[in-house]
Structures are given as structure tokens and as C-alpha cells.
Amino acid sequence: MSTASPLDRLIAPEISGDRLYRTIAELAATPGVLEILEIGSSSGAGSTEAWVAGALRNPDRPRLHCLEVSRTRFAALAERWREYDFVHCYNVSSVPVERFPSEEEVVRFYREERSRLRRTPLPMVLGWLRADLDYIRREGLSGHGIRDVKESAGVDVFDAVLIDGSEFTGEAELDEVYGARFVVLDDTRTFKNWRNARRLEADPTYRLVRKSRWTRNGFAVFERL
């Protein structure tokens, strides 16, 4: 008998009514933004709501592609936005299990970087990693989700991307969407987007347009020049 996973549960939205929520809505309303990718949509009541609110103000009416690996959360996401034909929901893993970091990599990061991940005991962090991998394998969801969405939607480069999925896949996800006009990183002060933020800050083809260290675990928004 399989053990229940944390991914089997609905969770309250995290990006809701805060500075990042307003920033996302602003980006979605930006003329010329036509294709949006949201990695980690959950049940669609947080950042997804912000993307939709902005898209409805955008004269170009962009398409919003929502990735959610949890079957329970995906069902709620798809139901919530089923009457909005520009919202497309995918029950996939953004990247395959082979692109997840090893436990040794996570331990090294935990010990070497003064990140907010240290607020959580290391055994619990490693438990999150194991739970993510176990769930994806159990449900047969391992695959190149971002690549598959690009192919099915006919998208070469997204205009805006939010990386806010698993704590452990941010770096692999950025590799798949690099070149997007806007890249939004949530949790820049934990493993998820710690290195991604530094990578984009060092890239002269991107500029930092908004940043907060204090909104939950930090966020940053970059625009390609």
C-alpha cells in the first residue's frame, strides 16, 4: 500500500495579495507578452490568479501555460480556470527526475550557503526531496514537461516565466526557459532559486527590474535586454 505524499494535499496560496502578486499581474498586462509559463501553479488560487488578472487587462490576451505535478492540485487548478480558454493546464513534471539534484548536492548547499533553507532541519529538507522524487516516480510523471509544453503550444521562447515549482528543480527549469523576456524567481533565498538569481544578475543580457529580500523567501524579476 502506497504512503500518502505531501503532494496529495491542497495547500493555501503563498503568492497572494503581496508585492510579487502585483508584479506578476503587471507583467501579464504588458503589451507584447503573448506566451506565459507558470511552473508550480498549485490549485490556481495564488500566482495563477495574478497572471489571469493581468492577462485580462492585456490587449494582446496572452496564453497562460500552467504546470502542476500534483494530481490533486492539478484537478483543482483545471476546475478553477476551466472557463478561461487562454489558460492551459498541464499535469506534468517540469523536468525529469534525472535533473533533480542529489542528496549530496543539497547537503553541500545547506552547509555552505547562508540561506533561509537553514531555518528548516536538514533531515526535513532531504525528506522533501525524497517525497518529490517518490511521488513523480509513483505517478509516472517523470518527463521533459517544459519541452513538451513548448512543442505542443508551438512556443520557441516564452515571454514571461515564473519559476516556483519544486524546491529542487529551479536550476534545471531555468536552463529550459533561458532567453525568456521576463523571468520571475520566487524563493531566491532558498535552494530553489538561489543560484538562478546570481546567474541572471551576472548575465549582461538581463537586467534586474524588481527584487525583494523580505517578501517571504525573496523574489526577483529579470528582463532580457
# chains A, B, ... in the order shown; residues from 1 in each chain; ligands from 1
>>> select_by_dssp(residues="region 10-205 of chain A", states="strand (DSSP E)", output="ChimeraX atom specification")
/A:35-39,63-67,87-90,160-163,182-186
>>> select_by_dssp(residues="chain A", states="helix (DSSP H, G or I)", output="ChimeraX atom specification")
/A:6-8,19-28,47-55,71-80,97-99,103-112,116-119,122-139,145-153,170-177,194-201
>>> write_last_selection(atoms="C-alpha atoms", output="compact mmCIF listing (two decimals), in the first residue's frame")
# COMPACT_ATOMS: atom_id res chain seq x y z
CA PRO A 6 2.59 15.87 0.84
CA LEU A 7 1.80 16.42 -2.84
CA ASP A 8 -1.52 14.64 -2.36
CA ARG A 19 4.25 42.65 -3.87
CA LEU A 20 5.07 39.66 -6.05
CA TYR A 21 1.37 39.10 -6.82
CA ARG A 22 1.06 42.69 -8.03
CA THR A 23 4.28 42.41 -10.04
CA ILE A 24 3.05 39.27 -11.81
CA ALA A 25 -0.24 40.93 -12.73
CA GLU A 26 1.69 43.91 -14.09
CA LEU A 27 3.89 41.68 -16.26
CA ALA A 28 0.90 39.78 -17.62
CA SER A 47 0.15 33.35 -8.72
CA THR A 48 -2.16 31.87 -11.36
CA GLU A 49 -4.85 34.31 -10.29
CA ALA A 50 -2.35 37.17 -10.66
CA TRP A 51 -1.36 36.07 -14.17
CA VAL A 52 -5.01 35.80 -15.19
CA ALA A 53 -5.89 39.21 -13.72
CA GLY A 54 -3.09 40.84 -15.69
CA ALA A 55 -3.80 38.90 -18.89
CA ARG A 71 -2.68 15.38 -9.37
CA THR A 72 -4.82 16.69 -6.51
CA ARG A 73 -3.75 20.30 -7.02
CA PHE A 74 -3.94 19.99 -10.79
CA ALA A 75 -7.57 18.89 -10.57
CA ALA A 76 -8.42 21.98 -8.52
CA LEU A 77 -6.39 24.19 -10.90
CA ALA A 78 -8.11 22.88 -14.02
CA GLU A 79 -11.55 23.22 -12.44
CA ARG A 80 -10.92 26.77 -11.22
CA VAL A 97 13.86 13.02 -12.10
CA GLU A 98 17.36 12.81 -13.56
CA ARG A 99 17.55 16.61 -13.43
CA GLU A 103 21.12 14.48 -1.73
CA GLU A 104 24.83 15.24 -1.53
CA GLU A 105 24.35 18.44 -3.55
CA VAL A 106 21.53 19.57 -1.28
CA VAL A 107 23.58 18.83 1.85
CA ARG A 108 26.54 20.77 0.45
CA PHE A 109 24.35 23.78 -0.33
CA TYR A 110 22.74 23.62 3.10
CA ARG A 111 26.11 23.66 4.86
CA GLU A 112 27.93 26.15 2.64
CA ARG A 116 16.87 30.58 4.62
CA LEU A 117 16.75 26.86 3.97
CA ARG A 118 18.73 26.56 7.21
CA ARG A 119 15.58 27.53 9.10
CA LEU A 122 18.31 19.22 7.21
CA PRO A 123 16.56 15.83 7.64
CA MET A 124 13.25 17.53 6.81
CA VAL A 125 14.73 19.18 3.71
CA LEU A 126 16.03 15.83 2.49
CA GLY A 127 12.60 14.39 3.25
CA TRP A 128 11.08 16.95 0.88
CA LEU A 129 13.48 15.85 -1.86
CA ARG A 130 12.70 12.17 -1.36
CA ALA A 131 8.95 12.88 -1.28
CA ASP A 132 9.10 14.79 -4.58
CA LEU A 133 11.05 12.03 -6.30
CA ASP A 134 8.89 9.25 -4.85
CA TYR A 135 5.69 10.99 -5.97
CA ILE A 136 6.88 11.62 -9.52
CA ARG A 137 8.01 8.02 -9.89
CA ARG A 138 4.87 6.62 -8.27
CA GLU A 139 2.59 8.60 -10.56
CA GLY A 145 7.35 18.82 -19.17
CA ILE A 146 8.61 22.24 -20.23
CA ARG A 147 9.87 20.93 -23.55
CA ASP A 148 6.59 19.10 -24.15
CA VAL A 149 4.58 22.28 -23.49
CA LYS A 150 6.79 24.24 -25.88
CA GLU A 151 6.25 21.65 -28.58
CA SER A 152 2.50 21.26 -28.13
CA ALA A 153 1.93 25.03 -27.92
CA GLY A 170 14.76 25.66 -10.25
CA GLU A 171 18.18 25.44 -11.87
CA ALA A 172 17.12 22.78 -14.36
CA GLU A 173 13.98 24.79 -15.16
CA LEU A 174 15.92 27.97 -15.85
CA ASP A 175 18.08 26.03 -18.32
CA GLU A 176 14.89 25.13 -20.22
CA VAL A 177 13.46 28.68 -20.39
CA TRP A 194 19.43 30.94 -5.00
CA ARG A 195 21.86 30.22 -7.85
CA ASN A 196 19.40 31.26 -10.55
CA ALA A 197 19.26 34.79 -9.16
CA ARG A 198 23.04 35.04 -9.14
CA ARG A 199 23.28 33.59 -12.65
CA LEU A 200 20.90 36.18 -14.08
CA GLU A 201 22.50 39.03 -12.14
>>> residues_around(residues="Ala180 (chain A)", least_positions_apart="4", cutoff="10 Å", atoms="only C-alpha atoms", output="list in words")
Glu35, Ile36, Leu37, Asp156, Val157, Phe158, Asp159, Ala160, Val161, Leu174, Glu176, Val184, Tyr206, Phe222, Glu223 and Arg224 of chain A
>>> closest_residue(among="A:Val87, A:Val92, A:Thr188, A:Pro59", to="Ser115 (chain A)", atoms="only C-alpha atoms")
A:Thr188
>>> closest_residue(among="A:Ser94, A:His144, A:Ser41, A:Leu225", to="Trp81 (chain A)", atoms="only C-alpha atoms")
A:Ser41
>>> closest_residue(among="A:Ala4, A:Arg181, A:Cys66, A:Glu83", to="Thr30 (chain A)", atoms="only C-alpha atoms")
A:Arg181
>>> atom_distance(atom1="CA of Asp60 (chain A)", atom2="CA of Gly17 (chain A)")
24.4 Å
>>> closest_residue(among="A:Leu162, A:Val209, A:Val221, A:Val69", to="Pro96 (chain A)", atoms="only C-alpha atoms")
A:Val69
>>> residues_around(residues="Asp186 (chain A)", least_positions_apart="3", cutoff="8 Å", atoms="only C-alpha atoms", output="PyMOL selection string")
chain A and resi 162-164+192-193+217-220
>>> decode(residues="region 38-83 of chain A", atoms="N, CA and C atoms", output="mmCIF file, in the first residue's frame")
data_model
loop_
_atom_site.group_PDB
_atom_site.id
_atom_site.type_symbol
_atom_site.label_atom_id
_atom_site.label_comp_id
_atom_site.auth_asym_id
_atom_site.auth_seq_id
_atom_site.Cartn_x
_atom_site.Cartn_y
_atom_site.Cartn_z
ATOM 1 N N GLU A 38 3.914 29.282 -16.236
ATOM 2 C CA GLU A 38 3.928 29.272 -14.771
ATOM 3 C C GLU A 38 4.314 27.871 -14.314
ATOM 4 N N ILE A 39 5.446 27.765 -13.631
ATOM 5 C CA ILE A 39 5.922 26.484 -13.121
ATOM 6 C C ILE A 39 5.584 26.413 -11.637
ATOM 7 N N GLY A 40 4.658 25.546 -11.286
ATOM 8 C CA GLY A 40 4.216 25.420 -9.902
ATOM 9 C C GLY A 40 2.940 26.176 -9.644
ATOM 10 N N SER A 41 1.877 25.798 -10.349
ATOM 11 C CA SER A 41 0.608 26.534 -10.260
ATOM 12 C C SER A 41 -0.201 26.186 -9.031
ATOM 13 N N SER A 42 0.078 25.048 -8.418
ATOM 14 C CA SER A 42 -0.700 24.552 -7.284
ATOM 15 C C SER A 42 -2.180 24.484 -7.689
ATOM 16 N N SER A 43 -3.092 24.941 -6.834
ATOM 17 C CA SER A 43 -4.518 24.842 -7.145
ATOM 18 C C SER A 43 -5.037 26.056 -7.900
ATOM 19 N N GLY A 44 -4.126 26.986 -8.262
ATOM 20 C CA GLY A 44 -4.519 28.109 -9.109
ATOM 21 C C GLY A 44 -5.090 29.303 -8.391
ATOM 22 N N ALA A 45 -4.936 29.353 -7.065
ATOM 23 C CA ALA A 45 -5.528 30.451 -6.300
ATOM 24 C C ALA A 45 -4.533 31.541 -5.939
ATOM 25 N N GLY A 46 -3.261 31.377 -6.319
ATOM 26 C CA GLY A 46 -2.249 32.367 -5.949
ATOM 27 C C GLY A 46 -1.694 33.082 -7.158
ATOM 28 N N SER A 47 -0.493 32.679 -7.583
ATOM 29 C CA SER A 47 0.149 33.346 -8.718
ATOM 30 C C SER A 47 -0.661 33.181 -9.997
ATOM 31 N N THR A 48 -1.340 32.052 -10.160
ATOM 32 C CA THR A 48 -2.164 31.874 -11.364
ATOM 33 C C THR A 48 -3.221 32.960 -11.451
ATOM 34 N N GLU A 49 -3.840 33.259 -10.334
ATOM 35 C CA GLU A 49 -4.848 34.309 -10.287
ATOM 36 C C GLU A 49 -4.259 35.655 -10.703
ATOM 37 N N ALA A 50 -3.019 35.915 -10.283
ATOM 38 C CA ALA A 50 -2.349 37.167 -10.657
ATOM 39 C C ALA A 50 -2.081 37.213 -12.155
ATOM 40 N N TRP A 51 -1.594 36.114 -12.720
ATOM 41 C CA TRP A 51 -1.364 36.074 -14.171
ATOM 42 C C TRP A 51 -2.652 36.307 -14.936
ATOM 43 N N VAL A 52 -3.724 35.651 -14.508
ATOM 44 C CA VAL A 52 -5.014 35.801 -15.195
ATOM 45 C C VAL A 52 -5.516 37.240 -15.093
ATOM 46 N N ALA A 53 -5.412 37.829 -13.907
ATOM 47 C CA ALA A 53 -5.887 39.207 -13.723
ATOM 48 C C ALA A 53 -5.157 40.160 -14.665
ATOM 49 N N GLY A 54 -3.846 39.990 -14.789
ATOM 50 C CA GLY A 54 -3.089 40.839 -15.694
ATOM 51 C C GLY A 54 -3.404 40.555 -17.149
ATOM 52 N N ALA A 55 -3.519 39.281 -17.498
ATOM 53 C CA ALA A 55 -3.801 38.899 -18.885
ATOM 54 C C ALA A 55 -5.127 39.479 -19.368
ATOM 55 N N LEU A 56 -6.085 39.552 -18.478
ATOM 56 C CA LEU A 56 -7.392 40.105 -18.847
ATOM 57 C C LEU A 56 -7.319 41.600 -19.160
ATOM 58 N N ARG A 57 -6.265 42.267 -18.694
ATOM 59 C CA ARG A 57 -6.071 43.689 -18.990
ATOM 60 C C ARG A 57 -5.170 43.899 -20.204
ATOM 61 N N ASN A 58 -4.595 42.825 -20.698
ATOM 62 C CA ASN A 58 -3.642 42.919 -21.803
ATOM 63 C C ASN A 58 -4.398 42.871 -23.133
ATOM 64 N N PRO A 59 -4.266 43.901 -23.969
ATOM 65 C CA PRO A 59 -4.993 43.883 -25.251
ATOM 66 C C PRO A 59 -4.582 42.730 -26.155
ATOM 67 N N ASP A 60 -3.395 42.170 -25.933
ATOM 68 C CA ASP A 60 -2.923 41.046 -26.735
ATOM 69 C C ASP A 60 -3.438 39.703 -26.238
ATOM 70 N N ARG A 61 -4.089 39.681 -25.062
ATOM 71 C CA ARG A 61 -4.631 38.481 -24.418
ATOM 72 C C ARG A 61 -3.679 37.289 -24.545
ATOM 73 N N PRO A 62 -2.650 37.258 -23.709
ATOM 74 C CA PRO A 62 -1.661 36.166 -23.778
ATOM 75 C C PRO A 62 -2.251 34.815 -23.395
ATOM 76 N N ARG A 63 -1.546 33.772 -23.816
ATOM 77 C CA ARG A 63 -1.866 32.415 -23.362
ATOM 78 C C ARG A 63 -1.049 32.128 -22.113
ATOM 79 N N LEU A 64 -1.703 31.506 -21.140
ATOM 80 C CA LEU A 64 -1.049 31.143 -19.889
ATOM 81 C C LEU A 64 -0.957 29.625 -19.811
ATOM 82 N N HIS A 65 0.269 29.123 -19.705
ATOM 83 C CA HIS A 65 0.522 27.687 -19.617
ATOM 84 C C HIS A 65 0.921 27.359 -18.177
ATOM 85 N N CYS A 66 0.118 26.543 -17.511
ATOM 86 C CA CYS A 66 0.292 26.264 -16.081
ATOM 87 C C CYS A 66 0.751 24.824 -15.867
ATOM 88 N N LEU A 67 1.895 24.660 -15.213
ATOM 89 C CA LEU A 67 2.426 23.331 -14.913
ATOM 90 C C LEU A 67 2.217 23.019 -13.432
ATOM 91 N N GLU A 68 1.625 21.873 -13.165
ATOM 92 C CA GLU A 68 1.451 21.417 -11.786
ATOM 93 C C GLU A 68 1.584 19.899 -11.746
ATOM 94 N N VAL A 69 2.518 19.405 -10.923
ATOM 95 C CA VAL A 69 2.783 17.971 -10.901
ATOM 96 C C VAL A 69 1.817 17.204 -10.001
ATOM 97 N N SER A 70 1.317 17.828 -8.949
ATOM 98 C CA SER A 70 0.397 17.142 -8.035
ATOM 99 C C SER A 70 -0.946 16.901 -8.717
ATOM 100 N N ARG A 71 -1.401 15.682 -8.727
ATOM 101 C CA ARG A 71 -2.683 15.376 -9.368
ATOM 102 C C ARG A 71 -3.837 16.046 -8.620
ATOM 103 N N THR A 72 -3.763 16.072 -7.303
ATOM 104 C CA THR A 72 -4.824 16.692 -6.509
ATOM 105 C C THR A 72 -4.902 18.192 -6.786
ATOM 106 N N ARG A 73 -3.766 18.859 -6.776
ATOM 107 C CA ARG A 73 -3.748 20.301 -7.015
ATOM 108 C C ARG A 73 -4.084 20.628 -8.461
ATOM 109 N N PHE A 74 -3.622 19.771 -9.374
ATOM 110 C CA PHE A 74 -3.939 19.987 -10.789
ATOM 111 C C PHE A 74 -5.446 19.945 -11.021
ATOM 112 N N ALA A 75 -6.118 19.001 -10.390
ATOM 113 C CA ALA A 75 -7.571 18.891 -10.568
ATOM 114 C C ALA A 75 -8.266 20.178 -10.127
ATOM 115 N N ALA A 76 -7.833 20.737 -9.002
ATOM 116 C CA ALA A 76 -8.416 21.985 -8.525
ATOM 117 C C ALA A 76 -8.069 23.146 -9.457
ATOM 118 N N LEU A 77 -6.836 23.152 -9.966
ATOM 119 C CA LEU A 77 -6.388 24.186 -10.899
ATOM 120 C C LEU A 77 -7.230 24.172 -12.172
ATOM 121 N N ALA A 78 -7.361 23.004 -12.771
ATOM 122 C CA ALA A 78 -8.108 22.884 -14.024
ATOM 123 C C ALA A 78 -9.573 23.257 -13.837
ATOM 124 N N GLU A 79 -10.148 22.886 -12.713
ATOM 125 C CA GLU A 79 -11.547 23.220 -12.443
ATOM 126 C C GLU A 79 -11.718 24.725 -12.248
ATOM 127 N N ARG A 80 -10.797 25.341 -11.528
ATOM 128 C CA ARG A 80 -10.916 26.769 -11.224
ATOM 129 C C ARG A 80 -10.912 27.622 -12.489
ATOM 130 N N TRP A 81 -10.086 27.236 -13.459
ATOM 131 C CA TRP A 81 -9.908 28.088 -14.647
ATOM 132 C C TRP A 81 -10.471 27.469 -15.918
ATOM 133 N N ARG A 82 -11.376 26.517 -15.806
ATOM 134 C CA ARG A 82 -11.858 25.784 -16.983
ATOM 135 C C ARG A 82 -12.635 26.662 -17.957
ATOM 136 N N GLU A 83 -13.201 27.767 -17.501
ATOM 137 C CA GLU A 83 -13.982 28.625 -18.395
ATOM 138 C C GLU A 83 -13.131 29.707 -19.062
#
